[in-house]
Amino acid sequence: MDQENELTIRASFIKLIQGDITTQEVDAIVNAANGSLMGGGGVDGAIHKAGGPAILEDCKALVEMQGPISAGMAVITSAGNLPARHVIHAVGPIWMGGTLGEAEMLRLTYEESLKLAVENELSSIAFPSISTGAYRYPVEKAAPVALETVAEFLKEQKKGIKISFVLFNEETYNAYQAALNKIKASILPKKKHS
Ligand code: ADP
């Protein structure tokens with residue numbers, strides 16, 4: 001039986017943690033980056049600060065090769081001094097009111113990050129709550145999109161992947177816990193009526 005903050009899907013699982021993503025010992029942490037890949041505030045700033053200059057060097061080399069990245073895309077770099085092995089830099093959508101395809105774009109951002117992880121044979125990935133800081137996506141709307149996208153992806157994977165959502169504050173954690181509870185309720189076997 002899963003803990004309240006966990007959901008098992010085939011050989012994989014999703015776990016919610018309240019904490020700092022820069023301390024996670026996983027194959028990759030995901031950065032809520034901006035398209036320039038030149039660092040920024042929020043989780044992006046924290047990752048570059050804790051990981052040191054090697055991450056920015058890799059980002060610069062990537063931008064020189066392929067130009068800036070747009071919303072919905074993800075790229076992978078080394079992780080410098082972080083305990084994680086890699087950083088996946090993913091660019092989420094800026095919230096514009098919800099009618100400009102933000103949910104679809106947020107879905108794509110998680111999918112592209114997960115595809116990159118599978119391509120690189122990574123099996124433990126930590127996500128922050130993409131877009132819900134400076135990009136202003138309301139967290140109670142972003143949390144179900146994030147969790148449903150990851151759950152759908154894991155359903156297709158034979159090999160187990162450990163996904164953690166590392167949520168920086170209580171409000172964000174609570175929004176993800178509420179969304180996880182709804183997903184769990186929707187996939188429980190239906191009770192037979194006698
Ligand atoms: P975005 O620009 O995609 O909105 P932000 O970094 O501004 O990205 O915010 C995304 C989320 O990351 C917010 O919930 C913010 O509180 C959170 N965050 C900030 N620092 C950290 C950290 N060190 N670990 C995990 N999450 C963090």
# chains A, B, ... in the order shown; residues from 1 in each chain; ligands from 1

$ closest_atom_pairs --of "chain A" --to "ligand 1" --cutoff "6 Å" --atoms "only C-alpha atoms and all ligand atoms" --output "CSV"
residue,atom,partner,partner_atom_place_in_ligand_line,distance
A:Asp20,CA,ligand 1,24 (N),3.7
A:Ile21,CA,ligand 1,24 (N),3.9
A:Thr22,CA,ligand 1,23 (N),5.7
A:Ala32,CA,ligand 1,3 (O),4.5
A:Gly42,CA,ligand 1,6 (O),3.4
A:Val43,CA,ligand 1,20 (N),3.6
A:Asp44,CA,ligand 1,6 (O),5.6
A:Ala46,CA,ligand 1,23 (N),5.2
A:Gly92,CA,ligand 1,3 (O),5.6
A:Pro128,CA,ligand 1,26 (N),4.9
A:Ser129,CA,ligand 1,11 (C),4.6
A:Ile130,CA,ligand 1,3 (O),4.4
A:Ser131,CA,ligand 1,3 (O),3.1
A:Thr132,CA,ligand 1,4 (O),4.2
A:Gly133,CA,ligand 1,9 (O),3.3
A:Ala134,CA,ligand 1,7 (O),3.8
A:Tyr135,CA,ligand 1,4 (O),3.8
A:Arg136,CA,ligand 1,4 (O),5.9
A:Val166,CA,ligand 1,25 (C),5.5
A:Leu167,CA,ligand 1,26 (N),5.2
A:Phe168,CA,ligand 1,26 (N),4.3

$ write_last_selection --atoms "N, CA and C atoms" --output "JSON list (two decimals), in the first residue's frame"
[["chain", "number", "residue", "atom", "x", "y", "z"],
["A", 20, "ASP", "N", 14.29, 21.10, -0.90],
["A", 20, "ASP", "CA", 15.14, 21.86, -1.84],
["A", 20, "ASP", "C", 15.67, 20.88, -2.89],
["A", 21, "ILE", "N", 15.39, 21.14, -4.14],
["A", 21, "ILE", "CA", 15.75, 20.19, -5.20],
["A", 21, "ILE", "C", 17.28, 20.07, -5.37],
["A", 22, "THR", "N", 18.02, 21.10, -4.98],
["A", 22, "THR", "CA", 19.48, 21.07, -5.20],
["A", 22, "THR", "C", 20.18, 20.02, -4.34],
["A", 32, "ALA", "N", 13.52, 24.48, -13.76],
["A", 32, "ALA", "CA", 12.52, 25.33, -14.42],
["A", 32, "ALA", "C", 13.29, 26.52, -14.99],
["A", 42, "GLY", "N", 14.63, 32.12, -8.69],
["A", 42, "GLY", "CA", 13.91, 30.91, -8.27],
["A", 42, "GLY", "C", 14.79, 29.67, -8.27],
["A", 43, "VAL", "N", 14.21, 28.58, -8.72],
["A", 43, "VAL", "CA", 14.91, 27.30, -8.68],
["A", 43, "VAL", "C", 16.12, 27.32, -9.62],
["A", 44, "ASP", "N", 16.02, 28.04, -10.72],
["A", 44, "ASP", "CA", 17.11, 28.18, -11.68],
["A", 44, "ASP", "C", 18.35, 28.78, -11.00],
["A", 46, "ALA", "N", 18.95, 28.90, -7.81],
["A", 46, "ALA", "CA", 19.43, 27.99, -6.75],
["A", 46, "ALA", "C", 20.29, 26.87, -7.33],
["A", 92, "GLY", "N", 9.03, 25.99, -19.06],
["A", 92, "GLY", "CA", 7.57, 25.93, -18.97],
["A", 92, "GLY", "C", 6.93, 27.17, -19.57],
["A", 128, "PRO", "N", 10.84, 20.10, -10.01],
["A", 128, "PRO", "CA", 10.24, 21.17, -9.20],
["A", 128, "PRO", "C", 8.83, 21.41, -9.76],
["A", 129, "SER", "N", 8.12, 22.35, -9.20],
["A", 129, "SER", "CA", 6.82, 22.73, -9.73],
["A", 129, "SER", "C", 7.04, 23.77, -10.83],
["A", 130, "ILE", "N", 7.18, 23.26, -12.06],
["A", 130, "ILE", "CA", 7.52, 24.13, -13.21],
["A", 130, "ILE", "C", 6.42, 25.17, -13.44],
["A", 131, "SER", "N", 6.84, 26.38, -13.70],
["A", 131, "SER", "CA", 5.98, 27.52, -14.10],
["A", 131, "SER", "C", 5.18, 28.19, -12.98],
["A", 132, "THR", "N", 5.23, 27.64, -11.74],
["A", 132, "THR", "CA", 4.32, 28.21, -10.72],
["A", 132, "THR", "C", 4.99, 29.29, -9.85],
["A", 133, "GLY", "N", 6.21, 29.70, -10.24],
["A", 133, "GLY", "CA", 6.87, 30.78, -9.52],
["A", 133, "GLY", "C", 6.78, 32.06, -10.34],
["A", 134, "ALA", "N", 7.92, 32.47, -10.89],
["A", 134, "ALA", "CA", 7.96, 33.70, -11.68],
["A", 134, "ALA", "C", 7.03, 33.64, -12.89],
["A", 135, "TYR", "N", 6.76, 32.44, -13.40],
["A", 135, "TYR", "CA", 5.89, 32.31, -14.59],
["A", 135, "TYR", "C", 4.39, 32.31, -14.24],
["A", 136, "ARG", "N", 4.09, 32.39, -12.92],
["A", 136, "ARG", "CA", 2.74, 32.73, -12.41],
["A", 136, "ARG", "C", 1.61, 31.72, -12.73],
["A", 166, "VAL", "N", 9.84, 17.75, -5.90],
["A", 166, "VAL", "CA", 10.44, 18.38, -4.73],
["A", 166, "VAL", "C", 9.89, 19.80, -4.64],
["A", 167, "LEU", "N", 9.01, 19.98, -3.67],
["A", 167, "LEU", "CA", 8.18, 21.19, -3.62],
["A", 167, "LEU", "C", 8.68, 22.07, -2.49],
["A", 168, "PHE", "N", 8.92, 23.32, -2.85],
["A", 168, "PHE", "CA", 9.73, 24.20, -2.01],
["A", 168, "PHE", "C", 9.00, 24.73, -0.79]]

$ select_by_dssp --residues "chain A" --states "strand (DSSP E)" --output "MDAnalysis selection string"
chainID A and resid 6:9 12:18 28:32 74:78 86:90 124:127 162:167

$ atom_distance --atom1 "CA of Glu119 (chain A)" --atom2 "CA of Val75 (chain A)"
11.5 Å

$ select_by_dssp --residues "chain A" --states "helix (DSSP H, G or I)" --output "ChimeraX atom specification"
/A:21-23,42-51,53-66,102-119,139-155,170-187

$ residues_around --residues "Gly80 (chain A)" --least-positions-apart "4" --cutoff "8 Å" --atoms "only C-alpha atoms" --output "short mmCIF file (atom, residue, chain, number, x, y, z; two decimals) with all heavy atoms, in the first residue's frame"
data_model
loop_
_atom_site.label_atom_id
_atom_site.label_comp_id
_atom_site.auth_asym_id
_atom_site.auth_seq_id
_atom_site.Cartn_x
_atom_site.Cartn_y
_atom_site.Cartn_z
N GLY A 51 25.37 24.39 -7.96
CA GLY A 51 26.11 23.51 -8.88
C GLY A 51 27.41 24.10 -9.38
O GLY A 51 28.28 23.37 -9.87
N GLY A 52 27.56 25.43 -9.28
CA GLY A 52 28.78 26.08 -9.73
C GLY A 52 28.79 26.32 -11.23
O GLY A 52 27.84 25.98 -11.94
N PRO A 53 29.91 26.90 -11.73
CA PRO A 53 29.95 27.42 -13.11
C PRO A 53 29.90 26.36 -14.22
O PRO A 53 29.63 26.68 -15.37
CB PRO A 53 31.27 28.19 -13.17
CG PRO A 53 32.08 27.70 -12.02
CD PRO A 53 31.13 27.22 -10.97
N ALA A 54 30.16 25.10 -13.89
CA ALA A 54 30.20 24.05 -14.94
C ALA A 54 28.86 23.94 -15.67
O ALA A 54 28.81 23.69 -16.88
CB ALA A 54 30.57 22.71 -14.32
N ILE A 55 27.77 24.15 -14.92
CA ILE A 55 26.43 24.01 -15.54
C ILE A 55 26.22 25.13 -16.57
O ILE A 55 25.76 24.88 -17.69
CB ILE A 55 25.32 24.03 -14.47
CG1 ILE A 55 25.55 22.91 -13.44
CG2 ILE A 55 23.94 23.88 -15.11
CD1 ILE A 55 24.57 22.92 -12.28
#

$ closest_residue --among "A:Ala142, A:Leu82, A:Ala50, A:Ala28" --to "Leu114 (chain A)" --atoms "only C-alpha atoms"
A:Ala28
